[in-house]
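Chemist: Handing you a structure now.
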Amino acid sequence: MSEVSRRRPLVLVSSVSSDSHTWNLVFLQLLLEETGHEVVNLGACVPDELLVSECAAHRPDAVVISTVNGHGHVDGQRLIDRVRADERLSDLPVVIGGKLGVGDEDDTALAAGLVQRGFNAVFADNADPASFVRYLESVAPPRLVRDAG
Amino acid sequence: MSRDPAPVQCRDTAPVPEPNGSFAAVVRDAADTGELVVQPRMGFSAPERMRAGLSATRDADAATVGTITLDSYTRVGDFAALRRADADGTDLNGYPLVTADKTVTTTMLDDVRTARFPVQVRHGSARPGPIVDTLIELGIDATEGGPVSYCLPYGRVPLRESVGAWASATARFATVGPRAHVETFGGCMLGQLCPPALLIAVSVLEGMFFAQHGIRSVSLSLTQQTSMHQDLEALHALRAIADRHLTGLDRHIVVYAYMGVYPRSASGAVTLLTDSARLAVLGGAERLIVKTAAEAFRIPTIEENVIALEQAAATARHDVPDGEAVPDTGIRADADTLIEAVLALDDDIGAALVKAFELGLLDVPYCLHTDNAGRTRSYVDESGRVCWSDVGSLPVRPGADLRPRHVGSAELLGALNHVRHRYDAAEPEETYDLPAGTAAPRSRPA
């Protein structure tokens, strides 16, 4: 006999290598857990290679990069190149959000550049958490799994 | 780590008189004349801009000390990136003290430093060795940080490694003599939402760590949080506990203006800074690290820093209400309990700190570092006080401050924005006619 159940999607939350801020990551973890996700939170100052190895180890359903120190558009481009270069991660949904520039840049252009480089979506600093959650649910829905029982 | 710790408590010795012109002496002299020392956070990569910032700080209408904040590549020890940035002419977010030309830095310092205007170097590094060696070479006698406070909140360096690096760097800095001054950042862990008993414990324990490695002059930090009443009680508790555990050292207390999400409105930002200056004076602190009205939007300019320094100083001089009293809600008792629990673990305070975090006897709420147990949680209650919602394994009393509850994302966001919302809404701050209790000192103890 077997049982069909819904497995909660696993989301990996991380900052970029130069960003030491963590309150944004703590908030996202709570928000994602409340909306039915499992979360692995890698914390602050995550080197690119650590993010890639953690993705390969955990095989998350989606990755959420959050950064607020203004280097996000630079660090994010380098990071997504590393992720997409790994063939195991080429189709993995990866989104980025936060304060991506230091303030003088054209945010639309920054976002377009990040999507072109390989992010699935970019969320501005003032994005509505509900729209972010809806997006994640669309790319990483709960899966039906058959448990042997 | 040293297994041969020097004694920390020297109950029978008088405080070491620090040499004239030292950072600590300038703060002490100002305190003796009833002046609150105010200090910016300021760091620029270009030496001429750094010099301009220091000169403007020195010449402000306030009792000031200077700050050189280092850039984040220096903080993480990425000296290759610094050389690339130098070659490319990339602007850094602070002064690259370690890799900058020593002649250039010395000339800059000679231009701005006087017997009444010392400079402190602020950095945020869990591996401070190269920075401290540069301070010694340049004759800079004051810095800040700590093995816990510059490790857990900011990165991925293991706590044990940070403790070892801070122990050896501190011991080298101590060879400068009694003027070598280290400020603990322990009273500012994560900047917000940390119940003050834990901040006091880390602040005092880091001060004791510095003393154990030979430093004779320390300052103990505490950040302004969400409640004037709670912050005042915390400052009095910090002073009383420091009096007990750091006897025989030159020391003072430094308050940090609110470090979390800042008000957007100019009036809200100014009122918040005014309250931080009042808190510093009423709490008997000798020094205040200011924030500016630009804080919510960007890195402040030199001019904005000067305005903030002068506003804070004017408040401290002319606009502090009288007749305060601070009720005891148990912050001091909890801080005492935490400190005693850590000191019982090992005679070597660095080793004790590592064990304490392993055991969860110290555990910073919402801190994601892998050496932090992560079992504690906190929230802001309806009166604005930071309270425990889960004490994890902390040996604090399960008393009035503990209200078990689940803090969700919406409540966390509200807590993080509590101060911004309150000051932007121009709600009147809590009144100062507090219930009867311990009398607050009106003049700073010598």
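Please note that chains go A, B, ... in the order of the structure tokens, that every chain numbers its residues from 1, and that ligands are numbered from 1 in the order shown.
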Please return, as a PyMOL selection string, all residues of chain B lying within 6 Å of chain A when only C-alpha atoms are considered.
Modeler: chain B and resi 154-155+368+409
Chemist: Mind checking DSSP for segment 225-345 of chain B and telling me the helix (DSSP H, G or I) residues as a ChimeraX atom specification?
Modeler: /B:228-245,266-282,302-318,331-343
Chemist: Taking the backbone alone, and naming residues the way the document does, which bits of segment 309-430 of chain B are strand (DSSP E) by DSSP, as a list in words?
Modeler: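 Residues meeting the strand (DSSP E) criterion: Ala325, Val326, Arg377, Ser378, Tyr379, Val380, Val386, Cys387, Trp388, Ser389 and Asp390 of chain B.
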Chemist: Skipping near chain neighbours, those fewer than 5 positions away, what residues fall within 8 Å of segment 124-130 of chain B using only C-alpha atoms, listed as a PyMOL selection string?
Modeler: chain B and resi 74-77+98+145-147+150-151+154+157+162+165-166+168-169
Chemist: Find the residues around segment 3-8 of chain A up to 10 Å (only C-alpha atoms counted), leave out those fewer than 2 positions away in its own chain, and share them as a PyMOL selection string.
Modeler: chain A and resi 1+10-11+33+35-39+61+140-149
Chemist: Grab the residues selected above and save them as a compact mmCIF listing (two decimals), in the first residue's frame with C-alpha atoms.
Modeler:
# COMPACT_ATOMS: atom_id res chain seq x y z
CA MET A 1 0.00 0.00 0.00
CA LEU A 10 12.64 23.33 -0.59
CA VAL A 11 13.94 26.87 -1.00
CA GLU A 33 8.11 28.80 6.09
CA THR A 35 3.78 29.88 3.11
CA GLY A 36 4.52 26.18 3.09
CA HIS A 37 8.18 25.97 2.12
CA GLU A 38 11.14 24.20 3.64
CA VAL A 39 14.06 26.61 3.94
CA ASP A 61 13.30 23.56 -5.81
CA ALA A 140 8.28 25.58 -7.42
CA PRO A 141 4.83 24.17 -6.59
CA PRO A 142 4.32 21.51 -3.91
CA ARG A 143 4.93 18.12 -5.44
CA LEU A 144 2.84 15.02 -5.08
CA VAL A 145 5.01 12.20 -3.85
CA ARG A 146 4.12 8.54 -3.39
CA ASP A 147 5.40 7.24 -0.06
CA ALA A 148 5.79 3.52 0.34
CA GLY A 149 3.74 2.66 3.42
